[in-house]
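Asker: Just so it is clear, I am handing over start_35.txt, which has compact mmCIF, C-alpha atoms and all ligand atoms.
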```
# COMPACT_ATOMS: atom_id res chain seq x y z
CA MET A 1 169.40 188.90 54.44
CA LEU A 2 168.01 190.13 57.71
CA PRO A 3 169.08 188.62 61.04
CA LYS A 4 166.49 186.43 62.81
CA PHE A 5 164.06 188.10 65.20
CA LEU A 6 160.62 187.50 66.66
CA TYR A 7 157.99 189.56 64.82
CA HIS A 8 154.98 191.01 66.64
CA ALA A 9 152.20 193.16 65.19
CA PRO A 10 150.07 194.44 68.09
CA GLU A 11 146.74 196.16 67.39
CA THR A 12 146.59 198.47 70.41
CA ILE A 13 149.02 200.76 72.24
CA HIS A 14 148.39 198.68 75.36
CA GLU A 15 149.57 195.49 73.61
CA ALA A 16 152.62 197.29 72.22
CA LEU A 17 153.57 198.48 75.71
CA GLU A 18 153.15 194.95 77.10
CA LEU A 19 155.60 193.70 74.47
CA LEU A 20 158.03 196.59 75.08
CA ASN A 21 157.92 195.74 78.75
CA LYS A 22 158.47 192.05 78.11
CA TYR A 23 161.52 192.44 75.87
CA GLY A 24 163.00 195.66 77.30
CA ARG A 25 166.11 196.79 75.45
CA GLU A 26 165.93 193.67 73.27
CA ALA A 27 162.90 195.06 71.42
CA LYS A 28 162.78 197.48 68.49
CA LEU A 29 159.70 199.29 67.26
CA LEU A 30 159.05 199.25 63.52
CA ALA A 31 157.05 202.02 61.84
CA GLY A 32 157.93 202.57 58.15
CA GLY A 33 161.15 200.57 58.58
CA THR A 34 163.20 202.82 56.31
CA ASP A 35 165.82 203.36 59.01
CA LEU A 36 165.34 200.17 61.03
CA VAL A 37 165.51 197.70 58.15
CA VAL A 38 168.75 199.29 56.89
CA ASP A 39 170.22 198.95 60.40
CA LEU A 40 169.04 195.33 60.66
CA ARG A 41 170.54 194.48 57.29
CA GLU A 42 173.85 196.07 58.25
CA ARG A 43 173.75 194.32 61.67
CA LYS A 44 173.94 197.69 63.43
CA THR A 45 171.14 196.42 65.65
CA ARG A 46 170.29 192.81 66.63
CA PRO A 47 166.95 192.93 68.49
CA LYS A 48 165.36 189.77 69.83
CA ALA A 49 161.92 191.15 68.88
CA VAL A 50 160.62 193.61 66.32
CA ILE A 51 157.31 195.22 67.23
CA ASP A 52 155.48 196.47 64.13
CA ILE A 53 153.19 199.34 65.18
CA LYS A 54 151.59 199.96 61.78
CA ARG A 55 148.39 198.08 62.67
CA ILE A 56 147.66 200.23 65.71
CA LYS A 57 144.79 202.42 64.53
CA GLU A 58 145.09 204.83 67.50
CA LEU A 59 148.51 205.86 66.18
CA ASN A 60 147.26 206.85 62.73
CA VAL A 61 145.89 210.23 63.78
CA LEU A 62 146.49 213.36 61.71
CA LYS A 63 144.30 216.17 62.91
CA TYR A 64 144.37 219.96 62.94
CA GLU A 65 142.00 221.90 65.20
CA PRO A 66 142.04 225.71 65.00
CA GLY A 67 143.46 227.14 68.21
CA ARG A 68 144.63 223.73 69.46
CA GLY A 69 147.13 222.82 66.78
CA LEU A 70 148.19 219.80 64.77
CA VAL A 71 148.55 216.24 66.07
CA ILE A 72 150.68 213.79 64.08
CA GLY A 73 150.39 210.17 65.25
CA ALA A 74 153.31 207.76 65.28
CA THR A 75 152.32 205.84 62.13
CA VAL A 76 151.39 208.85 59.99
CA THR A 77 153.51 208.83 56.84
CA TYR A 78 155.15 211.75 55.08
CA HIS A 79 152.73 211.19 52.21
CA GLN A 80 149.74 211.69 54.52
CA ILE A 81 151.31 214.88 55.90
CA LEU A 82 151.91 216.33 52.43
CA GLU A 83 148.35 215.56 51.36
CA TYR A 84 146.76 217.15 54.45
CA GLU A 85 145.80 220.70 53.46
CA PRO A 86 146.05 222.28 56.97
CA VAL A 87 149.75 221.36 57.06
CA ARG A 88 150.49 223.21 53.82
CA LYS A 89 148.43 226.21 54.91
CA LYS A 90 149.28 226.51 58.61
CA TYR A 91 152.66 224.77 58.93
CA PRO A 92 154.50 225.55 55.67
CA VAL A 93 157.95 225.03 57.21
CA LEU A 94 157.02 221.45 58.06
CA TRP A 95 155.38 220.90 54.67
CA GLU A 96 158.50 222.14 52.85
CA ALA A 97 160.78 220.02 55.05
CA VAL A 98 158.74 216.86 54.45
CA LYS A 99 158.75 217.54 50.71
CA THR A 100 162.58 217.36 50.73
CA VAL A 101 162.70 213.88 52.28
CA ALA A 102 163.89 211.28 49.75
CA ASP A 103 161.25 210.53 47.12
CA GLU A 104 157.55 209.73 46.83
CA ILE A 105 158.08 205.97 47.24
CA LEU A 106 159.90 206.37 50.54
CA ARG A 107 157.44 209.03 51.69
CA MET A 108 154.57 206.53 51.25
CA ARG A 109 156.11 204.35 54.00
CA ALA A 110 158.29 206.45 56.27
CA THR A 111 156.98 208.38 59.26
CA LEU A 112 157.83 211.69 60.90
CA VAL A 113 157.93 210.00 64.31
CA GLY A 114 160.42 207.41 62.99
CA ASN A 115 162.53 210.33 61.77
CA ILE A 116 162.80 211.94 65.21
CA CYS A 117 163.22 208.60 67.02
CA THR A 118 166.22 207.74 64.83
CA ALA A 119 167.56 211.13 66.00
CA SER A 120 170.00 211.62 63.16
CA PRO A 121 171.55 215.11 63.26
CA ALA A 122 170.38 215.34 59.62
CA ALA A 123 166.70 214.63 60.38
CA ASP A 124 164.83 216.97 58.06
CA THR A 125 161.68 217.25 60.13
CA ALA A 126 163.49 218.25 63.34
CA PRO A 127 164.25 221.93 62.50
CA ALA A 128 160.63 222.46 61.46
CA LEU A 129 159.36 220.86 64.67
CA LEU A 130 161.78 223.06 66.62
CA VAL A 131 160.51 226.34 65.13
CA TYR A 132 156.91 225.33 65.79
CA ASP A 133 157.71 224.42 69.44
CA ALA A 134 156.39 220.88 68.96
CA VAL A 135 155.76 218.58 71.91
CA VAL A 136 156.44 214.84 71.79
CA GLU A 137 153.90 212.67 73.59
CA THR A 138 154.99 209.29 74.86
CA ALA A 139 153.42 206.26 76.52
CA SER A 140 154.87 203.61 78.80
CA LYS A 141 153.63 201.22 81.48
CA ASN A 142 154.48 203.95 84.02
CA GLY A 143 152.37 206.56 82.21
CA GLY A 144 153.10 209.10 79.50
CA ARG A 145 155.23 212.21 79.17
CA LYS A 146 154.99 215.43 77.18
CA ILE A 147 158.49 216.37 76.06
CA PRO A 148 159.27 219.67 74.30
CA ILE A 149 161.11 218.78 71.10
CA GLU A 150 164.05 220.95 72.18
CA ASN A 151 164.64 218.52 75.08
CA PHE A 152 164.04 215.35 73.05
CA PHE A 153 167.43 214.89 71.35
CA THR A 154 170.45 214.18 73.54
CA GLY A 155 173.18 213.23 71.03
CA VAL A 156 173.88 211.56 67.70
CA LYS A 157 171.08 208.96 67.39
CA LYS A 158 170.16 209.44 71.05
CA THR A 159 166.95 210.69 72.64
CA VAL A 160 165.47 210.99 76.13
CA LEU A 161 163.23 207.95 75.48
CA GLU A 162 163.58 205.37 78.21
CA GLU A 163 163.35 201.58 78.10
CA GLY A 164 159.72 200.57 77.60
CA GLU A 165 158.69 204.02 76.35
CA MET A 166 157.31 204.80 72.90
CA VAL A 167 156.27 207.94 71.07
CA VAL A 168 152.54 208.14 70.49
CA SER A 169 152.33 211.48 68.69
CA VAL A 170 153.85 214.89 68.10
CA THR A 171 151.75 218.03 68.65
CA LEU A 172 152.48 221.36 67.00
CA PRO A 173 150.70 224.24 68.74
CA GLU A 174 148.70 226.76 66.73
CA PRO A 175 151.27 229.00 65.05
CA PRO A 176 151.09 232.81 65.47
CA ALA A 177 148.44 234.32 63.16
CA ASP A 178 150.88 236.14 60.86
CA ALA A 179 153.54 233.39 60.82
CA LYS A 180 155.39 232.64 57.60
CA GLY A 181 158.40 230.48 57.11
CA THR A 182 160.57 228.26 54.98
CA TYR A 183 162.89 225.23 55.03
CA LEU A 184 166.06 225.40 52.97
CA LYS A 185 168.06 222.21 52.43
CA ALA A 186 171.42 221.81 50.74
CA MET A 187 172.04 218.41 49.13
CA ARG A 188 174.76 216.98 46.90
CA VAL A 189 172.13 215.84 44.41
CA TRP A 190 168.52 216.85 44.05
CA SER A 191 166.40 214.16 45.81
CA GLU A 192 167.45 211.15 47.85
CA ASP A 193 170.19 212.78 49.86
CA LEU A 194 170.50 213.73 53.48
CA ALA A 195 170.97 217.40 54.27
CA LEU A 196 174.44 218.92 54.12
CA VAL A 197 172.68 221.65 56.05
CA GLY A 198 168.98 222.21 56.75
CA VAL A 199 167.67 225.59 57.87
CA ALA A 200 164.15 226.24 59.18
CA ALA A 201 163.10 229.86 59.59
CA LEU A 202 159.82 231.24 60.90
CA VAL A 203 158.88 234.92 61.22
CA ALA A 204 155.83 236.27 63.07
CA ASP A 205 154.58 239.19 65.20
CA GLY A 206 155.51 241.73 62.54
CA GLY A 207 159.13 240.53 62.46
CA LYS A 208 159.73 240.53 66.23
CA ASP A 209 159.18 236.78 66.68
CA VAL A 210 161.88 235.10 64.58
CA ARG A 211 162.75 231.42 65.03
CA LEU A 212 165.72 229.60 63.49
CA ALA A 213 166.66 225.91 63.66
CA TYR A 214 169.24 223.74 61.91
CA ALA A 215 169.93 220.15 60.84
CA SER A 216 173.30 218.54 60.07
CA VAL A 217 175.43 221.13 61.86
CA ALA A 218 175.76 219.71 65.40
CA PRO A 219 175.34 216.36 67.21
CA THR A 220 171.62 217.16 67.54
CA PRO A 221 169.26 219.43 65.60
CA VAL A 222 169.61 222.91 67.15
CA ARG A 223 167.58 226.05 67.69
CA ALA A 224 169.56 229.31 67.48
CA ARG A 225 167.97 231.12 70.42
CA LYS A 226 170.61 233.86 70.72
CA ALA A 227 170.21 234.80 67.06
CA GLU A 228 166.43 234.96 67.51
CA LYS A 229 166.68 237.46 70.39
CA VAL A 230 168.20 240.11 68.09
CA PHE A 231 164.78 240.72 66.51
CA ARG A 232 163.12 241.62 69.81
CA GLU A 233 165.27 244.77 69.97
CA ASP A 234 164.78 247.98 67.99
CA GLY A 235 167.20 248.86 65.21
CA ASP A 236 167.96 248.72 61.53
CA ILE A 237 166.62 245.51 60.00
CA ARG A 238 169.68 244.88 57.81
CA GLU A 239 171.99 245.23 60.81
CA LYS A 240 169.78 242.89 62.82
CA ILE A 241 169.87 240.27 60.08
CA GLU A 242 173.68 240.43 59.91
CA LYS A 243 173.95 240.16 63.71
CA ALA A 244 171.56 237.18 63.70
CA VAL A 245 173.56 235.45 60.94
CA GLU A 246 176.73 235.87 63.03
CA LEU A 247 175.04 234.45 66.14
CA ALA A 248 173.51 231.58 64.18
CA VAL A 249 176.95 230.60 62.89
CA ALA A 250 178.28 230.75 66.47
CA SER A 251 175.51 228.44 67.69
CA VAL A 252 176.44 225.49 65.44
CA SER A 253 179.38 223.07 65.49
CA PRO A 254 179.45 221.15 62.21
CA ILE A 255 181.91 218.38 61.37
CA SER A 256 183.55 217.42 58.07
CA ASP A 257 182.31 214.12 56.64
CA VAL A 258 181.76 212.39 53.30
CA ARG A 259 179.01 214.84 52.39
CA ALA A 260 180.65 218.21 53.14
CA SER A 261 183.46 219.94 54.96
CA LYS A 262 182.93 221.84 58.20
CA GLU A 263 183.87 225.09 56.42
CA TYR A 264 181.35 224.55 53.62
CA ARG A 265 178.61 223.80 56.17
CA LEU A 266 179.39 227.03 58.03
CA HIS A 267 179.23 228.91 54.74
CA LEU A 268 175.82 227.35 54.03
CA VAL A 269 174.50 228.26 57.48
CA LYS A 270 175.54 231.84 56.81
CA THR A 271 174.10 232.22 53.32
CA PHE A 272 170.92 230.20 53.90
CA THR A 273 170.12 232.06 57.11
CA ARG A 274 170.67 235.42 55.44
CA ASN A 275 168.61 234.45 52.38
CA ALA A 276 165.73 233.08 54.45
CA LEU A 277 165.62 236.14 56.71
CA ASN A 278 165.90 238.63 53.83
CA ARG A 279 163.00 236.94 52.10
CA LEU A 280 160.75 236.49 55.13
CA LEU A 281 161.42 239.99 56.47
CA GLY A 282 160.96 241.60 53.06
CA VAL A 283 164.50 242.93 52.77
CA GLU A 284 166.01 243.12 49.31
CA ALA A 285 169.31 241.30 49.08
CA VAL A 286 172.34 243.48 48.35
CA VAL A 287 174.13 242.28 45.23
CA VAL A 288 177.88 242.69 45.55
CA ALA A 289 179.42 243.19 42.09
C1 LIG A 301 166.84 206.01 50.55
C2 LIG A 301 166.62 206.77 51.83
C3 LIG A 301 166.52 208.16 51.78
C4 LIG A 301 166.33 208.88 52.95
N1 LIG A 301 166.24 210.23 52.88
C5 LIG A 301 166.05 210.97 54.01
C6 LIG A 301 165.97 212.40 53.93
O1 LIG A 301 166.04 213.02 52.87
N2 LIG A 301 165.80 213.07 55.11
C7 LIG A 301 165.71 212.44 56.32
O2 LIG A 301 165.57 213.12 57.36
N3 LIG A 301 165.76 211.08 56.40
C8 LIG A 301 165.93 210.34 55.29
N4 LIG A 301 166.00 208.96 55.37
C9 LIG A 301 165.88 208.29 56.67
C10 LIG A 301 164.45 207.73 57.00
O3 LIG A 301 163.70 207.50 55.85
C11 LIG A 301 163.68 208.69 57.91
O4 LIG A 301 164.39 208.91 59.12
C12 LIG A 301 162.26 208.16 58.24
O5 LIG A 301 161.46 209.24 58.66
C13 LIG A 301 162.23 207.07 59.28
O6 LIG A 301 160.86 206.74 59.52
P1 LIG A 301 160.36 205.22 59.54
O7 LIG A 301 158.91 205.24 59.82
O8 LIG A 301 160.79 204.48 58.34
O9 LIG A 301 161.16 204.71 60.85
P2 LIG A 301 161.61 203.22 61.25
O10 LIG A 301 162.75 202.77 60.42
O11 LIG A 301 160.42 202.31 61.34
O12 LIG A 301 162.10 203.54 62.75
C14 LIG A 301 163.20 204.39 62.95
C15 LIG A 301 163.66 204.26 64.42
O13 LIG A 301 162.70 204.83 65.28
C16 LIG A 301 162.21 203.86 66.21
N5 LIG A 301 160.77 204.12 66.32
C17 LIG A 301 159.87 204.14 65.30
N6 LIG A 301 158.67 204.50 65.77
C18 LIG A 301 158.81 204.74 67.10
C19 LIG A 301 157.92 205.14 68.14
N7 LIG A 301 156.63 205.37 67.92
N8 LIG A 301 158.42 205.30 69.40
C20 LIG A 301 159.74 205.07 69.65
N9 LIG A 301 160.62 204.65 68.72
C21 LIG A 301 160.16 204.50 67.45
C22 LIG A 301 162.54 202.50 65.60
O14 LIG A 301 162.70 201.48 66.56
C23 LIG A 301 163.85 202.81 64.89
O15 LIG A 301 164.91 202.78 65.81
C24 LIG A 301 166.21 208.20 54.21
C25 LIG A 301 166.29 206.80 54.26
C26 LIG A 301 166.49 206.08 53.09
C27 LIG A 301 166.57 204.58 53.17
```
Turn this file's structure into structure tokens for me.
Ligand SMILES: Cc1cc2nc3c(=O)[nH]c(=O)nc-3n(C[C@H](O)[C@H](O)[C@H](O)COP(=O)(O)OP(=O)(O)OC[C@H]3O[C@@H](n4cnc5c(N)ncnc54)[C@H](O)[C@@H]3O)c2cc1C
Answerer:
Amino acid sequence: MLPKFLYHAPETIHEALELLNKYGREAKLLAGGTDLVVDLRERKTRPKAVIDIKRIKELNVLKYEPGRGLVIGATVTYHQILEYEPVRKKYPVLWEAVKTVADEILRMRATLVGNICTASPAADTAPALLVYDAVVETASKNGGRKIPIENFFTGVKKTVLEEGEMVVSVTLPEPPADAKGTYLKAMRVWSEDLALVGVAALVADGGKDVRLAYASVAPTPVRARKAEKVFREDGDIREKIEKAVELAVASVSPISDVRASKEYRLHLVKTFTRNALNRLLGVEAVVVA
């Protein structure tokens, strides 16, 4: 049983903002509901009003324009993202990350914007958005903001969103022409599990522009900027990869929980980062007998 709440289904962003303004902190937005309904059922949240944004057509935008990038509106589902060819072609890290989320049934309902607004450290889309330098666009009665994804998360299940503010869309700029990348996720079982560790890696500019980001290894998703810098210097590629792996491990602070120990997570950060970089930089792995 769900607790009682007032249900609203506005049809425009303007109406949604009016409602957010009216109820303030006592309102909760509902997109796919796959996080919110669980929280309502478990009484982790008791809003006076639930504002269902699924009927707002302006929020169902999924559009790629060469040179300008990809816009993902707040009600766009994972299923829509997977089916949209430009995502698979131009943003493979995001496509791979979305493909690891739960199963097809959940992906028909749940949204990428809901994923980042929940702000779980294990959010699978966050590392991909980090390596593509995504920007979160918001709206409120006081106007909108454009927030770089790296500044969006402030703690476990916390974001910079203020009372009365909602996310309208997320924009991923055009990636570098030669960019390639991958998302590696460790789970206890294949499908329907949150990440023990998630690693997004992107390589461009002939191997000089390397981007690394992680899920489930710190209070917020993190980008390993120090590790990335290694590739801007000259030197032996194998040595650079090992140095980057070391710095990536130093940039995370995992905890032990029901899904994995801190030590195992650190081990996964190490091996996944090395594997992703070896593959993307065309370095053959050394097999130790
Ligand atoms: C069985 C199961 C498996 C799962 N597996 C995974 C997984 O593998 N990986 C993973 O990362 N997650 C997983 N999740 C979590 C969840 O499905 C995702 O986080 C999903 O993307 C949430 O999107 P939603 O549209 O359902 O969000 P909702 O539940 O509708 O909303 C989530 C939160 O965001 C807020 N919100 C929604 N839209 C906006 C907006 N536009 N502006 C501001 N706030 C907003 C809501 O108020 C709520 O607090 C799983 C959940 C379940 C139940």
Asker: Please compute the CA of Leu196 in chain A-CA of Cys117 in chain A distance, one decimal, in Å.
Answerer: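 The value is 20.0 Å.
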Asker: Residues near Asp35 in chain A, anyone? I mean within 12 Å using only C-alpha atoms, not counting same-chain ones fewer than 4 positions away, as an MDAnalysis selection string.
Answerer: chainID A and resid 28:31 39:42 44:45 106 109:120 123 157
Asker: Give me, please, the distance in Å between atom N4 of ligand LIG 301 (chain A) and CA of Ile105 in chain A, quoted to one decimal.
Answerer: 11.7 Å
Asker: Excluding Leu62 in chain A and residues on its chain fewer than 6 positions from it, collect all residues at most 12 Å away from it, counting all atoms listed in the file, and give them as a ChimeraX atom specification.
Answerer: /A:69-87,111-112,168-172
Asker: Could you give me the centre and size, in Å to one decimal, of an axis-aligned box around all listed atoms of ligand LIG 301 (chain A) with 3 Å added on every side, as AutoDock Vina command-line options?
Answerer:
```
--center_x 161.7 --center_y 207.3 --center_z 60.1 --size_x 16.2 --size_y 17.6 --size_z 25.1
```
Asker: A:Glu65, A:Glu96, A:Glu150, A:Glu192: which is nearest ligand LIG 301 (chain A), counting only C-alpha atoms and all ligand atoms?
Answerer: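 Of the candidates, the smallest distance to ligand LIG 301 (chain A) is held by A:Glu192.
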Asker: Kindly indicate which residue among A:Lys99, A:Arg238, A:His8, A:Arg225 lies nearest to ligand LIG 301 (chain A), using all atoms listed in the file for the distances.
Answerer: A:Lys99
Asker: Neighbouring residues of Ile56 in chain A were defined as those with any atom within 7 Å, considering only C-alpha atoms; residues of the same chain fewer than 3 positions away were excluded. Please report them as a ChimeraX atom specification.
Answerer: /A:10-13,53,59
Asker: Is it possible to get the residues within 10 Å of (156.7, 222.9, 60.0) (coordinates as in the file, counting all atoms listed in the file) written as a list in words?
Answerer: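 Selection result: Val87, Arg88, Lys90, Tyr91, Pro92, Val93, Leu94, Trp95, Glu96, Ala97, Val98, Thr125, Ala126, Pro127, Ala128, Leu129, Leu130, Val131, Tyr132, Asp133, Ala134, Leu172, Pro175, Gly181, Thr182, Tyr183, Ala200, Ala201 and Leu202 of chain A.
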Asker: Between CA of Lys180 in chain A and CA of Gly207 in chain A, what is the distance, to one decimal in Å?
Answerer: 10.0 Å
Asker: Given only C-alpha atoms and all ligand atoms as the basis, pick out the residue of A:Val61, A:Ala49, A:Leu194, A:Ile149 nearest to ligand LIG 301 (chain A).
Answerer: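 Once distances to ligand LIG 301 (chain A) are computed over only C-alpha atoms and all ligand atoms, the minimum belongs to A:Leu194.
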Asker: Considering all atoms listed in the file, can you say which of A:Asp193, A:Phe5, A:Asn21, A:Ile241 comes closest to Glu284 in chain A?
Answerer: A:Ile241
Asker: Which residue gives the smallest distance to Glu228 in chain A among A:Leu20, A:Leu281, A:Val189, A:Leu212, with only C-alpha atoms counted?
Answerer: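 Among A:Leu20, A:Leu281, A:Val189, A:Leu212, it is A:Leu212 that comes nearest to Glu228 in chain A.
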Asker: Could you check which of A:Lys185, A:Lys63, A:Lys89, A:Lys270 is closest to ligand LIG 301 (chain A), using only C-alpha atoms and all ligand atoms?
Answerer: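 Nearest candidate to ligand LIG 301 (chain A) out of A:Lys185, A:Lys63, A:Lys89, A:Lys270: A:Lys185.
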Asker: Around the point (172.1, 236.9, 60.5), in the coordinates given by the file, pick out the residues reaching within 9 Å, counting all atoms listed in the file, and return them as a list in words.
Answerer: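 The residues that fall inside the cut-off are Ala227, Arg238, Glu239, Lys240, Ile241, Glu242, Lys243, Ala244, Val245, Glu246, Leu247, Ala248, Val249, Lys270, Thr271, Thr273, Arg274 and Leu277 of chain A.
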Asker: Generate the missing atoms of range 214-242 of chain A up to N, CA and C atoms and report them as a PDB file, in the coordinates of the input.
Answerer:
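rebuild.pdb written:
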```
ATOM      1  N   TYR A 214     168.292 224.309  62.892  1.00  0.00           N
ATOM      2  CA  TYR A 214     169.240 223.740  61.910  1.00  0.00           C
ATOM      3  C   TYR A 214     169.352 222.223  62.030  1.00  0.00           C
ATOM      4  N   ALA A 215     169.602 221.588  60.883  1.00  0.00           N
ATOM      5  CA  ALA A 215     169.930 220.150  60.840  1.00  0.00           C
ATOM      6  C   ALA A 215     171.320 219.993  60.254  1.00  0.00           C
ATOM      7  N   SER A 216     171.995 218.923  60.651  1.00  0.00           N
ATOM      8  CA  SER A 216     173.300 218.540  60.070  1.00  0.00           C
ATOM      9  C   SER A 216     174.464 219.457  60.424  1.00  0.00           C
ATOM     10  N   VAL A 217     174.338 220.209  61.515  1.00  0.00           N
ATOM     11  CA  VAL A 217     175.430 221.130  61.860  1.00  0.00           C
ATOM     12  C   VAL A 217     175.860 220.994  63.320  1.00  0.00           C
ATOM     13  N   ALA A 218     175.417 219.938  63.992  1.00  0.00           N
ATOM     14  CA  ALA A 218     175.760 219.710  65.400  1.00  0.00           C
ATOM     15  C   ALA A 218     175.353 218.271  65.731  1.00  0.00           C
ATOM     16  N   PRO A 219     175.735 217.736  66.890  1.00  0.00           N
ATOM     17  CA  PRO A 219     175.340 216.360  67.210  1.00  0.00           C
ATOM     18  C   PRO A 219     173.820 216.165  67.263  1.00  0.00           C
ATOM     19  N   THR A 220     173.088 217.233  67.568  1.00  0.00           N
ATOM     20  CA  THR A 220     171.620 217.160  67.540  1.00  0.00           C
ATOM     21  C   THR A 220     171.098 218.327  66.701  1.00  0.00           C
ATOM     22  N   PRO A 221     169.857 218.238  66.235  1.00  0.00           N
ATOM     23  CA  PRO A 221     169.260 219.430  65.600  1.00  0.00           C
ATOM     24  C   PRO A 221     169.255 220.555  66.640  1.00  0.00           C
ATOM     25  N   VAL A 222     169.482 221.802  66.179  1.00  0.00           N
ATOM     26  CA  VAL A 222     169.610 222.910  67.150  1.00  0.00           C
ATOM     27  C   VAL A 222     168.728 224.098  66.801  1.00  0.00           C
ATOM     28  N   ARG A 223     168.300 224.778  67.840  1.00  0.00           N
ATOM     29  CA  ARG A 223     167.580 226.050  67.690  1.00  0.00           C
ATOM     30  C   ARG A 223     168.545 227.170  68.062  1.00  0.00           C
ATOM     31  N   ALA A 224     168.596 228.223  67.248  1.00  0.00           N
ATOM     32  CA  ALA A 224     169.560 229.310  67.480  1.00  0.00           C
ATOM     33  C   ALA A 224     168.894 230.428  68.281  1.00  0.00           C
ATOM     34  N   ARG A 225     168.713 230.190  69.562  1.00  0.00           N
ATOM     35  CA  ARG A 225     167.970 231.120  70.420  1.00  0.00           C
ATOM     36  C   ARG A 225     168.614 232.505  70.502  1.00  0.00           C
ATOM     37  N   LYS A 226     169.948 232.544  70.588  1.00  0.00           N
ATOM     38  CA  LYS A 226     170.610 233.860  70.720  1.00  0.00           C
ATOM     39  C   LYS A 226     170.384 234.702  69.469  1.00  0.00           C
ATOM     40  N   ALA A 227     170.441 234.074  68.317  1.00  0.00           N
ATOM     41  CA  ALA A 227     170.210 234.800  67.060  1.00  0.00           C
ATOM     42  C   ALA A 227     168.777 235.336  67.015  1.00  0.00           C
ATOM     43  N   GLU A 228     167.841 234.562  67.536  1.00  0.00           N
ATOM     44  CA  GLU A 228     166.430 234.960  67.510  1.00  0.00           C
ATOM     45  C   GLU A 228     166.170 236.221  68.333  1.00  0.00           C
ATOM     46  N   LYS A 229     166.906 236.328  69.449  1.00  0.00           N
ATOM     47  CA  LYS A 229     166.680 237.460  70.390  1.00  0.00           C
ATOM     48  C   LYS A 229     166.931 238.817  69.740  1.00  0.00           C
ATOM     49  N   VAL A 230     167.831 238.852  68.760  1.00  0.00           N
ATOM     50  CA  VAL A 230     168.200 240.110  68.090  1.00  0.00           C
ATOM     51  C   VAL A 230     166.961 240.855  67.590  1.00  0.00           C
ATOM     52  N   PHE A 231     165.940 240.093  67.160  1.00  0.00           N
ATOM     53  CA  PHE A 231     164.780 240.720  66.510  1.00  0.00           C
ATOM     54  C   PHE A 231     163.785 241.298  67.512  1.00  0.00           C
ATOM     55  N   ARG A 232     164.014 241.034  68.798  1.00  0.00           N
ATOM     56  CA  ARG A 232     163.120 241.620  69.810  1.00  0.00           C
ATOM     57  C   ARG A 232     163.563 243.042  70.154  1.00  0.00           C
ATOM     58  N   GLU A 233     164.775 243.414  69.694  1.00  0.00           N
ATOM     59  CA  GLU A 233     165.270 244.770  69.970  1.00  0.00           C
ATOM     60  C   GLU A 233     164.936 245.689  68.797  1.00  0.00           C
ATOM     61  N   ASP A 234     164.982 247.015  69.074  1.00  0.00           N
ATOM     62  CA  ASP A 234     164.780 247.980  67.990  1.00  0.00           C
ATOM     63  C   ASP A 234     166.082 248.100  67.192  1.00  0.00           C
ATOM     64  N   GLY A 235     165.976 248.660  65.992  1.00  0.00           N
ATOM     65  CA  GLY A 235     167.200 248.860  65.210  1.00  0.00           C
ATOM     66  C   GLY A 235     166.979 248.635  63.744  1.00  0.00           C
ATOM     67  N   ASP A 236     168.022 248.884  62.977  1.00  0.00           N
ATOM     68  CA  ASP A 236     167.960 248.720  61.530  1.00  0.00           C
ATOM     69  C   ASP A 236     167.842 247.232  61.168  1.00  0.00           C
ATOM     70  N   ILE A 237     166.908 246.918  60.292  1.00  0.00           N
ATOM     71  CA  ILE A 237     166.620 245.510  60.000  1.00  0.00           C
ATOM     72  C   ILE A 237     167.813 244.784  59.338  1.00  0.00           C
ATOM     73  N   ARG A 238     168.524 245.521  58.459  1.00  0.00           N
ATOM     74  CA  ARG A 238     169.680 244.880  57.810  1.00  0.00           C
ATOM     75  C   ARG A 238     170.766 244.539  58.840  1.00  0.00           C
ATOM     76  N   GLU A 239     170.979 245.479  59.772  1.00  0.00           N
ATOM     77  CA  GLU A 239     171.990 245.230  60.810  1.00  0.00           C
ATOM     78  C   GLU A 239     171.569 244.055  61.702  1.00  0.00           C
ATOM     79  N   LYS A 240     170.265 243.984  61.972  1.00  0.00           N
ATOM     80  CA  LYS A 240     169.780 242.890  62.820  1.00  0.00           C
ATOM     81  C   LYS A 240     169.973 241.538  62.109  1.00  0.00           C
ATOM     82  N   ILE A 241     169.698 241.527  60.815  1.00  0.00           N
ATOM     83  CA  ILE A 241     169.870 240.270  60.080  1.00  0.00           C
ATOM     84  C   ILE A 241     171.339 239.838  60.123  1.00  0.00           C
ATOM     85  N   GLU A 242     172.252 240.782  59.901  1.00  0.00           N
ATOM     86  CA  GLU A 242     173.680 240.430  59.910  1.00  0.00           C
ATOM     87  C   GLU A 242     174.121 239.935  61.282  1.00  0.00           C
TER      88      GLU A 242
END
```
